[in-house]
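Participant: Take a look at start-v6.pdb, PDB, C-alpha atoms and all ligand atoms:
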ATOM      1  CA  MET Y 310      18.839  36.353   7.328
ATOM      2  CA  GLU Y 311      18.581  33.220   5.159
ATOM      3  CA  LYS Y 312      14.988  34.091   4.266
ATOM      4  CA  LEU Y 313      15.994  37.662   3.418
ATOM      5  CA  LYS Y 314      18.749  36.434   1.161
ATOM      6  CA  GLU Y 315      16.395  33.980  -0.542
ATOM      7  CA  SER Y 316      14.170  36.938  -1.369
ATOM      8  CA  GLY Y 317      17.162  38.713  -2.913
ATOM      9  CA  ILE Y 318      17.937  41.017   0.003
ATOM     10  CA  ASN Y 319      21.587  40.985   0.990
ATOM     11  CA  PRO Y 320      22.218  43.800   3.494
ATOM     12  CA  GLY Y 321      25.480  45.741   3.178
ATOM     13  CA  LEU Y 322      26.896  48.185   5.720
ATOM     14  CA  ALA Y 323      29.709  50.701   5.152
ATOM     15  CA  VAL Y 324      31.506  51.927   8.263
ATOM     16  CA  ILE Y 325      33.781  54.963   7.976
ATOM     17  CA  ILE Y 326      36.359  55.617  10.649
ATOM     18  CA  VAL Y 327      38.735  58.578  10.475
ATOM     19  CA  GLY Y 328      41.926  58.663  12.531
ATOM     20  CA  GLU Y 329      43.228  56.535  15.355
ATOM     21  CA  ASP Y 330      40.891  57.034  18.327
ATOM     22  CA  PRO Y 331      41.395  53.787  20.287
ATOM     23  CA  ALA Y 332      37.833  53.630  21.659
ATOM     24  CA  SER Y 333      36.330  54.213  18.201
ATOM     25  CA  LYS Y 334      38.510  51.429  16.820
ATOM     26  CA  ILE Y 335      37.124  48.997  19.396
ATOM     27  CA  TYR Y 336      33.517  50.006  18.679
ATOM     28  CA  VAL Y 337      33.993  49.702  14.924
ATOM     29  CA  ARG Y 338      35.640  46.320  15.360
ATOM     30  CA  ASN Y 339      32.680  45.148  17.453
ATOM     31  CA  LYS Y 340      30.299  46.329  14.731
ATOM     32  CA  LYS Y 341      32.231  44.428  12.100
ATOM     33  CA  LEU Y 342      32.196  41.256  14.231
ATOM     34  CA  ALA Y 343      28.437  41.557  14.714
ATOM     35  CA  CYS Y 344      27.971  41.854  10.946
ATOM     36  CA  GLU Y 345      30.047  38.720  10.413
ATOM     37  CA  ALA Y 346      28.125  36.850  13.099
ATOM     38  CA  ILE Y 347      24.713  37.464  11.520
ATOM     39  CA  GLY Y 348      25.658  37.539   7.842
ATOM     40  CA  ILE Y 349      25.597  41.241   6.986
ATOM     41  CA  ARG Y 350      28.232  42.227   4.447
ATOM     42  CA  SER Y 351      30.377  45.002   5.899
ATOM     43  CA  GLU Y 352      32.926  47.315   4.322
ATOM     44  CA  GLU Y 353      35.282  49.277   6.510
ATOM     45  CA  TYR Y 354      36.741  52.560   5.292
ATOM     46  CA  ALA Y 355      39.584  53.434   7.661
ATOM     47  CA  LEU Y 356      40.845  56.864   6.659
ATOM     48  CA  PRO Y 357      43.926  58.651   7.977
ATOM     49  CA  ALA Y 358      43.522  61.450  10.544
ATOM     50  CA  GLU Y 359      44.646  64.005   7.925
ATOM     51  CA  THR Y 360      41.702  63.223   5.614
ATOM     52  CA  THR Y 361      40.164  66.434   4.293
ATOM     53  CA  GLN Y 362      36.511  67.373   4.446
ATOM     54  CA  GLU Y 363      36.329  67.132   0.640
ATOM     55  CA  GLU Y 364      37.768  63.613   0.630
ATOM     56  CA  LEU Y 365      35.373  62.464   3.315
ATOM     57  CA  LEU Y 366      32.347  63.974   1.574
ATOM     58  CA  ALA Y 367      33.454  62.399  -1.702
ATOM     59  CA  LEU Y 368      33.529  58.974  -0.032
ATOM     60  CA  VAL Y 369      30.043  59.494   1.408
ATOM     61  CA  GLU Y 370      28.805  60.488  -2.047
ATOM     62  CA  THR Y 371      30.291  57.323  -3.566
ATOM     63  CA  LEU Y 372      28.671  55.173  -0.879
ATOM     64  CA  ASN Y 373      25.323  56.935  -1.330
ATOM     65  CA  LYS Y 374      25.374  55.748  -4.930
ATOM     66  CA  LYS Y 375      26.672  52.233  -4.267
ATOM     67  CA  GLU Y 376      23.764  49.867  -4.797
ATOM     68  CA  ASP Y 377      25.062  47.009  -2.655
ATOM     69  CA  ILE Y 378      25.485  49.347   0.323
ATOM     70  CA  HIS Y 379      22.276  49.905   2.303
ATOM     71  CA  GLY Y 380      23.671  51.475   5.457
ATOM     72  CA  ILE Y 381      26.364  54.136   5.914
ATOM     73  CA  LEU Y 382      27.807  54.991   9.289
ATOM     74  CA  CYS Y 383      30.559  57.481   9.997
ATOM     75  CA  GLN Y 384      31.937  56.737  13.451
ATOM     76  CA  LEU Y 385      31.986  59.801  15.717
ATOM     77  CA  PRO Y 386      33.763  61.762  17.017
ATOM     78  CA  LEU Y 387      35.682  62.941  13.952
ATOM     79  CA  PRO Y 388      39.077  64.679  14.188
ATOM     80  CA  LYS Y 389      38.658  68.365  15.090
ATOM     81  CA  HIS Y 390      39.273  69.788  11.600
ATOM     82  CA  LEU Y 391      36.316  67.889  10.141
ATOM     83  CA  ASP Y 392      32.726  69.115  10.200
ATOM     84  CA  GLU Y 393      30.560  66.335  11.683
ATOM     85  CA  GLU Y 394      27.296  68.066  10.866
ATOM     86  CA  ALA Y 395      28.204  68.428   7.188
ATOM     87  CA  VAL Y 396      29.115  64.728   6.999
ATOM     88  CA  ILE Y 397      25.871  63.651   8.671
ATOM     89  CA  ASN Y 398      23.905  65.889   6.290
ATOM     90  CA  ALA Y 399      25.669  64.315   3.309
ATOM     91  CA  ILE Y 400      24.574  60.744   4.115
ATOM     92  CA  SER Y 401      21.442  59.731   2.239
ATOM     93  CA  PRO Y 402      18.572  59.614   4.791
ATOM     94  CA  LYS Y 403      17.638  56.191   3.381
ATOM     95  CA  LYS Y 404      21.088  54.829   4.274
ATOM     96  CA  ASP Y 405      21.385  56.687   7.574
ATOM     97  CA  VAL Y 406      21.437  53.689   9.925
ATOM     98  CA  ASP Y 407      22.499  55.959  12.816
ATOM     99  CA  ALA Y 408      19.361  58.094  12.314
ATOM    100  CA  PHE Y 409      21.449  61.237  12.801
ATOM    101  CA  HIS Y 410      20.366  62.995   9.573
ATOM    102  CA  PRO Y 411      17.978  65.936  10.188
ATOM    103  CA  VAL Y 412      15.292  64.241   8.073
ATOM    104  CA  ASN Y 413      15.379  61.185  10.318
ATOM    105  CA  VAL Y 414      15.650  63.278  13.490
ATOM    106  CA  GLY Y 415      12.522  65.153  12.376
ATOM    107  CA  LYS Y 416      10.665  61.922  11.654
ATOM    108  CA  ILE Y 417      11.476  60.644  15.122
ATOM    109  CA  MET Y 418      10.132  63.849  16.656
ATOM    110  CA  ILE Y 419       6.848  63.302  14.813
ATOM    111  CA  GLY Y 420       6.784  59.594  15.662
ATOM    112  CA  ASN Y 421       6.736  58.276  12.090
ATOM    113  CA  PHE Y 422      10.239  56.959  11.484
ATOM    114  CA  ASP Y 423      12.209  54.399   9.485
ATOM    115  CA  PHE Y 424      15.215  54.232  11.818
ATOM    116  CA  LEU Y 425      15.801  54.918  15.481
ATOM    117  CA  PRO Y 426      19.213  56.003  16.729
ATOM    118  CA  CYS Y 427      21.002  52.860  17.885
ATOM    119  CA  THR Y 428      21.830  53.712  21.484
ATOM    120  CA  PRO Y 429      18.416  55.065  22.549
ATOM    121  CA  ALA Y 430      16.714  52.239  20.632
ATOM    122  CA  GLY Y 431      18.913  49.741  22.487
ATOM    123  CA  VAL Y 432      17.904  51.276  25.809
ATOM    124  CA  MET Y 433      14.201  51.003  24.913
ATOM    125  CA  GLU Y 434      14.721  47.371  23.919
ATOM    126  CA  LEU Y 435      16.376  46.617  27.280
ATOM    127  CA  ILE Y 436      13.467  48.259  29.093
ATOM    128  CA  LYS Y 437      10.855  46.389  27.057
ATOM    129  CA  GLU Y 438      12.553  42.999  27.276
ATOM    130  CA  SER Y 439      12.840  43.400  31.054
ATOM    131  CA  GLY Y 440       9.053  43.661  31.195
ATOM    132  CA  ILE Y 441       9.110  47.291  32.308
ATOM    133  CA  ASP Y 442       6.340  49.612  31.122
ATOM    134  CA  VAL Y 443       7.372  53.284  31.239
ATOM    135  CA  LYS Y 444       3.774  54.484  30.760
ATOM    136  CA  GLY Y 445       3.049  57.238  33.280
ATOM    137  CA  LYS Y 446       6.399  56.766  35.021
ATOM    138  CA  GLU Y 447       8.888  59.458  35.961
ATOM    139  CA  CYS Y 448      11.731  59.091  33.461
ATOM    140  CA  VAL Y 449      14.848  61.167  33.972
ATOM    141  CA  VAL Y 450      17.483  61.437  31.263
ATOM    142  CA  VAL Y 451      20.802  62.893  32.367
ATOM    143  CA  GLY Y 452      22.492  64.332  29.277
ATOM    144  CA  ARG Y 453      21.174  66.240  26.268
ATOM    145  CA  SER Y 454      23.355  65.200  23.332
ATOM    146  CA  ASN Y 455      21.863  64.933  19.863
ATOM    147  CA  ILE Y 456      23.094  61.340  19.694
ATOM    148  CA  VAL Y 457      21.674  60.018  22.956
ATOM    149  CA  GLY Y 458      20.010  62.393  25.437
ATOM    150  CA  LYS Y 459      17.558  64.208  23.171
ATOM    151  CA  PRO Y 460      16.334  61.191  21.158
ATOM    152  CA  MET Y 461      16.254  59.098  24.352
ATOM    153  CA  ALA Y 462      13.832  61.573  25.913
ATOM    154  CA  MET Y 463      11.678  61.460  22.794
ATOM    155  CA  LEU Y 464      11.472  57.653  22.756
ATOM    156  CA  LEU Y 465      10.508  57.548  26.426
ATOM    157  CA  LEU Y 466       7.857  60.174  25.665
ATOM    158  CA  HIS Y 467       6.520  58.040  22.788
ATOM    159  CA  GLN Y 468       6.055  55.249  25.332
ATOM    160  CA  HIS Y 469       4.053  57.660  27.526
ATOM    161  CA  GLY Y 470       6.736  58.332  30.125
ATOM    162  CA  THR Y 471       6.805  61.652  31.986
ATOM    163  CA  VAL Y 472      10.211  62.847  30.917
ATOM    164  CA  THR Y 473      12.706  65.220  32.507
ATOM    165  CA  ILE Y 474      15.999  66.053  30.802
ATOM    166  CA  CYS Y 475      18.858  67.071  33.100
ATOM    167  CA  HIS Y 476      22.239  68.491  32.084
ATOM    168  CA  SER Y 477      25.289  70.308  33.390
ATOM    169  CA  LYS Y 478      23.296  73.445  34.241
ATOM    170  CA  THR Y 479      20.562  71.588  36.132
ATOM    171  CA  ARG Y 480      20.357  73.204  39.561
ATOM    172  CA  ASP Y 481      19.699  70.156  41.707
ATOM    173  CA  LEU Y 482      20.628  66.992  39.853
ATOM    174  CA  LYS Y 483      20.280  64.793  42.925
ATOM    175  CA  GLU Y 484      16.740  65.984  43.605
ATOM    176  CA  ALA Y 485      15.739  65.330  39.975
ATOM    177  CA  CYS Y 486      17.332  61.883  39.910
ATOM    178  CA  LEU Y 487      15.675  60.881  43.170
ATOM    179  CA  ARG Y 488      12.276  61.328  41.498
ATOM    180  CA  ALA Y 489      13.122  58.903  38.693
ATOM    181  CA  ASP Y 490      11.380  55.560  38.277
ATOM    182  CA  VAL Y 491      13.520  55.138  35.169
ATOM    183  CA  LEU Y 492      16.906  56.846  35.143
ATOM    184  CA  VAL Y 493      19.039  56.992  32.001
ATOM    185  CA  ALA Y 494      22.565  58.328  32.461
ATOM    186  CA  ALA Y 495      24.215  59.652  29.297
ATOM    187  CA  VAL Y 496      26.498  62.510  30.314
ATOM    188  CA  GLY Y 497      30.006  61.154  29.915
ATOM    189  CA  VAL Y 498      31.085  61.892  33.469
ATOM    190  CA  PRO Y 499      32.597  58.820  35.154
ATOM    191  CA  GLU Y 500      30.419  57.509  38.018
ATOM    192  CA  LEU Y 501      28.545  60.810  38.431
ATOM    193  CA  ILE Y 502      25.339  59.073  39.535
ATOM    194  CA  THR Y 503      25.822  57.524  42.963
ATOM    195  CA  GLY Y 504      23.505  55.308  45.013
ATOM    196  CA  ASP Y 505      22.260  58.228  47.146
ATOM    197  CA  MET Y 506      20.800  59.810  43.968
ATOM    198  CA  ILE Y 507      18.665  56.778  43.159
ATOM    199  CA  LYS Y 508      15.157  56.072  44.351
ATOM    200  CA  GLU Y 509      14.647  52.659  45.922
ATOM    201  CA  GLY Y 510      13.366  50.303  43.226
ATOM    202  CA  ALA Y 511      14.276  52.487  40.250
ATOM    203  CA  VAL Y 512      15.393  51.140  36.881
ATOM    204  CA  VAL Y 513      18.871  52.478  36.098
ATOM    205  CA  ILE Y 514      20.344  52.464  32.611
ATOM    206  CA  ASP Y 515      23.944  53.480  32.154
ATOM    207  CA  VAL Y 516      24.885  54.725  28.703
ATOM    208  CA  GLY Y 517      28.300  56.045  29.816
ATOM    209  CA  MET Y 518      31.561  54.652  28.400
ATOM    210  CA  ASN Y 519      34.418  56.304  30.249
ATOM    211  CA  ARG Y 520      37.993  55.101  30.162
ATOM    212  CA  LEU Y 521      39.807  56.092  33.344
ATOM    213  CA  PRO Y 522      43.553  56.853  33.403
ATOM    214  CA  ASP Y 523      44.092  53.430  35.028
ATOM    215  CA  LYS Y 524      42.434  51.905  31.877
ATOM    216  CA  ARG Y 525      39.324  50.869  33.795
ATOM    217  CA  LEU Y 526      36.102  51.218  31.752
ATOM    218  CA  VAL Y 527      33.288  52.712  33.845
ATOM    219  CA  GLY Y 528      29.879  54.176  33.124
ATOM    220  CA  ASP Y 529      28.207  57.362  34.304
ATOM    221  CA  VAL Y 530      26.732  55.426  37.227
ATOM    222  CA  HIS Y 531      28.643  54.259  40.293
ATOM    223  CA  PHE Y 532      27.543  50.654  39.907
ATOM    224  CA  GLU Y 533      28.403  49.311  43.368
ATOM    225  CA  SER Y 534      26.374  51.904  45.298
ATOM    226  CA  ALA Y 535      23.614  52.166  42.688
ATOM    227  CA  LYS Y 536      22.877  48.448  42.605
ATOM    228  CA  GLU Y 537      21.940  48.556  46.288
ATOM    229  CA  ARG Y 538      18.996  50.830  45.499
ATOM    230  CA  ALA Y 539      17.999  49.918  41.949
ATOM    231  CA  ALA Y 540      15.498  47.175  41.092
ATOM    232  CA  ALA Y 541      17.318  46.713  37.798
ATOM    233  CA  ILE Y 542      20.565  48.184  36.506
ATOM    234  CA  THR Y 543      22.748  47.783  33.414
ATOM    235  CA  PRO Y 544      26.500  47.153  33.764
ATOM    236  CA  VAL Y 545      29.360  48.774  31.823
ATOM    237  CA  PRO Y 546      30.713  47.031  29.834
ATOM    238  CA  GLY Y 547      28.145  44.455  28.739
ATOM    239  CA  GLY Y 548      25.057  46.652  29.016
ATOM    240  CA  VAL Y 549      23.990  49.317  26.549
ATOM    241  CA  GLY Y 550      27.085  48.984  24.295
ATOM    242  CA  PRO Y 551      26.179  45.578  22.854
ATOM    243  CA  MET Y 552      22.553  46.744  22.458
ATOM    244  CA  THR Y 553      23.740  49.709  20.385
ATOM    245  CA  ILE Y 554      25.389  47.262  18.034
ATOM    246  CA  ALA Y 555      22.342  44.992  17.914
ATOM    247  CA  MET Y 556      20.177  47.972  16.897
ATOM    248  CA  LEU Y 557      22.675  48.892  14.187
ATOM    249  CA  MET Y 558      22.201  45.400  12.757
ATOM    250  CA  LYS Y 559      18.433  45.845  12.895
ATOM    251  CA  ASN Y 560      18.638  49.222  11.130
ATOM    252  CA  THR Y 561      20.899  47.816   8.427
ATOM    253  CA  VAL Y 562      18.444  45.018   7.652
ATOM    254  CA  LYS Y 563      15.647  47.594   7.631
ATOM    255  CA  ALA Y 564      17.617  49.842   5.264
ATOM    256  CA  ALA Y 565      18.035  46.914   2.867
ATOM    257  CA  THR Y 566      14.269  46.498   2.703
ATOM    258  CA  LEU Y 567      13.396  50.206   2.191
TER     259      LEU Y 567
HETATM  260  N1  LIG C   1      28.269  57.352  14.151
HETATM  261  N2  LIG C   1      29.268  57.152  16.205
HETATM  262  C1  LIG C   1      28.291  56.793  15.356
HETATM  263  N3  LIG C   1      27.329  55.882  15.675
HETATM  264  C2  LIG C   1      27.328  55.305  16.902
HETATM  265  O1  LIG C   1      26.351  54.463  17.230
HETATM  266  C3  LIG C   1      28.334  55.625  17.805
HETATM  267  N4  LIG C   1      28.443  55.043  19.043
HETATM  268  C4  LIG C   1      28.931  55.845  20.160
HETATM  269  C5  LIG C   1      30.238  56.516  19.721
HETATM  270  N5  LIG C   1      30.207  56.993  18.357
HETATM  271  C6  LIG C   1      29.297  56.587  17.436
HETATM  272  C7  LIG C   1      28.810  53.749  19.234
HETATM  273  O2  LIG C   1      28.832  52.929  18.333
HETATM  274  C8  LIG C   1      29.150  54.796  21.225
HETATM  275  N6  LIG C   1      29.143  53.528  20.514
HETATM  276  C9  LIG C   1      29.498  52.289  21.089
HETATM  277  C10 LIG C   1      29.446  51.099  20.376
HETATM  278  C11 LIG C   1      29.828  49.902  20.943
HETATM  279  C12 LIG C   1      30.260  49.866  22.233
HETATM  280  C13 LIG C   1      30.328  51.036  22.955
HETATM  281  C14 LIG C   1      29.956  52.225  22.375
HETATM  282  C15 LIG C   1      30.717  48.569  22.814
HETATM  283  O3  LIG C   1      30.938  47.619  22.100
HETATM  284  N7  LIG C   1      30.893  48.493  24.135
HETATM  285  C16 LIG C   1      31.341  47.319  24.849
HETATM  286  C17 LIG C   1      32.721  47.513  25.450
HETATM  287  C18 LIG C   1      33.734  47.956  24.493
HETATM  288  C19 LIG C   1      35.068  48.203  25.155
HETATM  289  O4  LIG C   1      35.646  47.259  25.702
HETATM  290  O5  LIG C   1      35.529  49.342  25.127
HETATM  291  C20 LIG C   1      30.395  47.070  25.993
HETATM  292  O6  LIG C   1      30.323  45.943  26.447
HETATM  293  O7  LIG C   1      29.750  48.024  26.446
END
For this file, produce the structure as structure tokens.
Ligand code: L34

Facilitator:
Amino acid sequence: MEKLKESGINPGLAVIIVGEDPASKIYVRNKKLACEAIGIRSEEYALPAETTQEELLALVETLNKKEDIHGILCQLPLPKHLDEEAVINAISPKKDVDAFHPVNVGKIMIGNFDFLPCTPAGVMELIKESGIDVKGKECVVVGRSNIVGKPMAMLLLHQHGTVTICHSKTRDLKEACLRADVLVAAVGVPELITGDMIKEGAVVIDVGMNRLPDKRLVGDVHFESAKERAAAITPVPGGVGPMTIAMLMKNTVKAATL
């Protein structure tokens, strides 16, 4: 960061949060803390739940033009009356540190990208840093969201994995999961993936963040049973979440150099 700043690059990130979702507030706070820790300037725009679409789009437009802001992130989900797709489309692709804009999504599909979406990129980083090569391996992604499941599958494919995407209509989820050498769970169903669905020696990555009524935070994987079968497994919390934030920092620095 010091070297960047010496060369006149001083990364700035704008984070927009609309409404009072408690989980979103925690995530945004963690992002802000990470910025402080590494020396990225961050601006938080906390808007009331009643914010109109026009007001939100006007803010995005202002931030698109702001020269000291290199990254713009609008924390999802938005309150129901707001159109997430329209907001994503309004963010300048060059400042789209989430890589949710269709231009960036398309670039990822082709394999020639500036940014990777933070959560899937964080998962790939965990895999790589653990010395795991997905080349030729059976990779199963459970979940098909635009934010995680779909780009996750694409990144595993780029690394030459053989990729299967499972979802709520998949006929035999257990059978599919049992084939996985690398299993990524990103469905948002608390502890859906149990030990009996995991092949001995598999690598299990849990993207889930589910708050139970008793306030417990659990993933999409039942950790206790899964860890008996997995060769490597990520916990929740303290697994993919912090990696998502690390990748956001990386994308913000990248955006400042574009
Ligand atoms: N626009 N919306 C946009 N970009 C994103 O990249 C996100 N995401 C997801 C939700 N909406 C978004 C996040 O930031 C999920 N997410 C996220 C970020 C951070 C953490 C979890 C999810 C995180 O810090 N997790 C901590 C625990 C936090 C807690 O105690 O609740 C962990 O250790 O996993």

Participant: Written as number ranges by chain, which residues does the PyMOL selection byres (((not hetatm)) within 8 of (chain C and resi 1)) give for the file shown?

Facilitator: Y: 332-333, 335-337, 339-340, 382-386, 407, 409, 426-428, 456, 518, 526, 545-551, 553-554, 557

Participant: As a check of understanding, name the residues that the PyMOL selection byres (((chain Y and resi 424) around 7) and not hetatm) selects in the supplied structure, as a VMD selection string.

Facilitator: chain Y and resid 406 408 422 to 423 425 to 426 560

Participant: Using only C-alpha atoms, which protein or nucleic acid residues come within 8 Å of Val396 of chain Y? Drop anything in the same chain fewer than 6 positions from it, and give the result as an NGL selection string.

Facilitator: :Y and (365-366 or 369 or 383)

Participant: Can you tell me, as JSON, the centre and edge lengths (Å, one decimal) of the axis-aligned box enclosing all of segment 469-475 of chain Y's listed atoms after padding each side by 6 Å?

Facilitator:
{"center_x": 11.5, "center_y": 62.4, "center_z": 30.3, "size_x": 26.8, "size_y": 21.4, "size_z": 17.6}

Participant: Find, counting all atoms listed in the file, the residue in Y:Met556, Y:Val498, Y:Val493, Y:Ile378 that gets nearest to Ile436 of chain Y.

Facilitator: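 Closest residue, counting all atoms listed in the file: Y:Val493.
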
Participant: Taking into account all atoms listed in the file, which residue in the set Y:Asp490, Y:Glu509, Y:Glu311, Y:Glu363 is nearest to Ile441 of chain Y?

Facilitator: Y:Asp490

Participant: Can you tell me which residues surround Met310 of chain Y at a distance of at most 9 Å, considering only C-alpha atoms, apart from same-chain residues fewer than 6 positions away, and format the answer as a list of chain:residue names?

Facilitator: Y:Ile318, Y:Asn319, Y:Ile347, Y:Gly348, Y:Ile349, Y:Val562

Participant: So how far away is atom CA of Ala564 of chain Y from atom CA of Thr360 of chain Y, in Å?

Facilitator: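 Taking atom CA of Thr360 of chain Y and atom CA of Ala564 of chain Y, their separation equals 27.6 Å.
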
Participant: Set the distance at 8 Å and use only C-alpha atoms: which residues neighbour His410 of chain Y once local chain neighbours fewer than 5 positions away are removed? I'd like the list as a list in words.

Facilitator: Ile397, Asn398, Ile400, Pro402 and Asp405 of chain Y

Participant: Using Å and a single decimal, report how far atom CA of Lys478 of chain Y sits from atom CA of Val513 of chain Y.

Facilitator: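 Taking atom CA of Val513 of chain Y and atom CA of Lys478 of chain Y, their separation equals 21.5 Å.
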
Participant: Work out how far apart atom CA of Ser454 of chain Y and atom CA of Leu487 of chain Y are and give it in Å to one decimal.

Facilitator: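 Calculated distance between atom CA of Ser454 of chain Y and atom CA of Leu487 of chain Y is 21.7 Å.
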
Participant: Pick out the closest residue to Glu393 of chain Y from this set: Y:Ala430, Y:Val412, Y:Val327, Y:Ala346. Count all atoms listed in the file.

Facilitator: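 Result for the nearest residue to Glu393 of chain Y: Y:Val327.
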
Participant: Name the residues in contact with Ala541 of chain Y at a cut-off of 9 Å, using only C-alpha atoms, excluding same-chain residues fewer than 6 positions from it; report them as number ranges by chain.

Facilitator: Y: 439, 510-514

Participant: Can you tell me, as a ChimeraX atom specification, what residues are no more than 7 Å from Leu391 of chain Y when counting only C-alpha atoms, ignoring any on the same chain fewer than 3 positions away?

Facilitator: /Y:362,387-388

Participant: Using only C-alpha atoms, please write the residues we just selected to a file, as a PDB file, in the coordinates of the input.

Facilitator:
ATOM      1  CA  GLN Y 362      36.511  67.373   4.446  1.00  0.00           C
ATOM      2  CA  LEU Y 387      35.682  62.941  13.952  1.00  0.00           C
ATOM      3  CA  PRO Y 388      39.077  64.679  14.188  1.00  0.00           C
TER       4      PRO Y 388
END

Participant: Pick out the closest residue to Asp481 of chain Y from this set: Y:Glu434, Y:Ala462, Y:Val451, Y:Ile381. Count only C-alpha atoms.

Facilitator: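 Of Y:Glu434, Y:Ala462, Y:Val451, Y:Ile381, the one nearest Asp481 of chain Y, counting only C-alpha atoms, is Y:Val451.
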
Participant: Decode the PyMOL selection byres (((chain Y and resi 444) around 7) and not hetatm) for the given file into explicit residues and return them as a ChimeraX atom specification.

Facilitator: /Y:442-443,445-446,468-470

Participant: Could segment 497-503 of chain Y be completed with all heavy atoms and written as a PDB file, in the coordinates of the input, please?

Facilitator:
ATOM      1  N   GLY Y 497      28.568  61.260  30.142  1.00  0.00           N
ATOM      2  CA  GLY Y 497      30.006  61.154  29.915  1.00  0.00           C
ATOM      3  C   GLY Y 497      30.846  61.658  31.075  1.00  0.00           C
ATOM      4  O   GLY Y 497      31.961  62.119  30.870  1.00  0.00           O
ATOM      5  N   VAL Y 498      30.300  61.564  32.270  1.00  0.00           N
ATOM      6  CA  VAL Y 498      31.085  61.892  33.469  1.00  0.00           C
ATOM      7  C   VAL Y 498      31.201  60.606  34.304  1.00  0.00           C
ATOM      8  O   VAL Y 498      30.192  60.081  34.763  1.00  0.00           O
ATOM      9  CB  VAL Y 498      30.424  63.005  34.315  1.00  0.00           C
ATOM     10  CG1 VAL Y 498      31.251  63.304  35.560  1.00  0.00           C
ATOM     11  CG2 VAL Y 498      30.210  64.265  33.476  1.00  0.00           C
ATOM     12  N   PRO Y 499      32.432  60.105  34.476  1.00  0.00           N
ATOM     13  CA  PRO Y 499      32.597  58.820  35.154  1.00  0.00           C
ATOM     14  C   PRO Y 499      31.920  58.778  36.529  1.00  0.00           C
ATOM     15  O   PRO Y 499      32.175  59.636  37.372  1.00  0.00           O
ATOM     16  CB  PRO Y 499      34.121  58.676  35.316  1.00  0.00           C
ATOM     17  CG  PRO Y 499      34.732  59.663  34.373  1.00  0.00           C
ATOM     18  CD  PRO Y 499      33.709  60.703  34.077  1.00  0.00           C
ATOM     19  N   GLU Y 500      31.041  57.817  36.724  1.00  0.00           N
ATOM     20  CA  GLU Y 500      30.419  57.509  38.018  1.00  0.00           C
ATOM     21  C   GLU Y 500      29.785  58.714  38.706  1.00  0.00           C
ATOM     22  O   GLU Y 500      29.781  58.822  39.925  1.00  0.00           O
ATOM     23  CB  GLU Y 500      31.464  56.819  38.918  1.00  0.00           C
ATOM     24  CG  GLU Y 500      31.946  55.518  38.274  1.00  0.00           C
ATOM     25  CD  GLU Y 500      33.053  54.803  39.055  1.00  0.00           C
ATOM     26  OE1 GLU Y 500      33.896  55.498  39.629  1.00  0.00           O
ATOM     27  OE2 GLU Y 500      33.036  53.559  39.055  1.00  0.00           O
ATOM     28  N   LEU Y 501      29.214  59.611  37.892  1.00  0.00           N
ATOM     29  CA  LEU Y 501      28.545  60.810  38.431  1.00  0.00           C
ATOM     30  C   LEU Y 501      27.337  60.450  39.289  1.00  0.00           C
ATOM     31  O   LEU Y 501      27.062  61.086  40.309  1.00  0.00           O
ATOM     32  CB  LEU Y 501      28.090  61.696  37.247  1.00  0.00           C
ATOM     33  CG  LEU Y 501      27.256  62.929  37.597  1.00  0.00           C
ATOM     34  CD1 LEU Y 501      28.134  63.993  38.240  1.00  0.00           C
ATOM     35  CD2 LEU Y 501      26.571  63.494  36.357  1.00  0.00           C
ATOM     36  N   ILE Y 502      26.575  59.430  38.844  1.00  0.00           N
ATOM     37  CA  ILE Y 502      25.339  59.073  39.535  1.00  0.00           C
ATOM     38  C   ILE Y 502      25.645  58.020  40.597  1.00  0.00           C
ATOM     39  O   ILE Y 502      25.992  56.879  40.286  1.00  0.00           O
ATOM     40  CB  ILE Y 502      24.292  58.509  38.536  1.00  0.00           C
ATOM     41  CG1 ILE Y 502      24.123  59.427  37.315  1.00  0.00           C
ATOM     42  CG2 ILE Y 502      22.962  58.236  39.236  1.00  0.00           C
ATOM     43  CD1 ILE Y 502      23.533  60.786  37.584  1.00  0.00           C
ATOM     44  N   THR Y 503      25.501  58.426  41.846  1.00  0.00           N
ATOM     45  CA  THR Y 503      25.822  57.524  42.963  1.00  0.00           C
ATOM     46  C   THR Y 503      24.529  57.013  43.603  1.00  0.00           C
ATOM     47  O   THR Y 503      23.446  57.555  43.366  1.00  0.00           O
ATOM     48  CB  THR Y 503      26.693  58.265  43.993  1.00  0.00           C
ATOM     49  OG1 THR Y 503      26.124  59.564  44.209  1.00  0.00           O
ATOM     50  CG2 THR Y 503      28.111  58.447  43.475  1.00  0.00           C
TER      51      THR Y 503
END
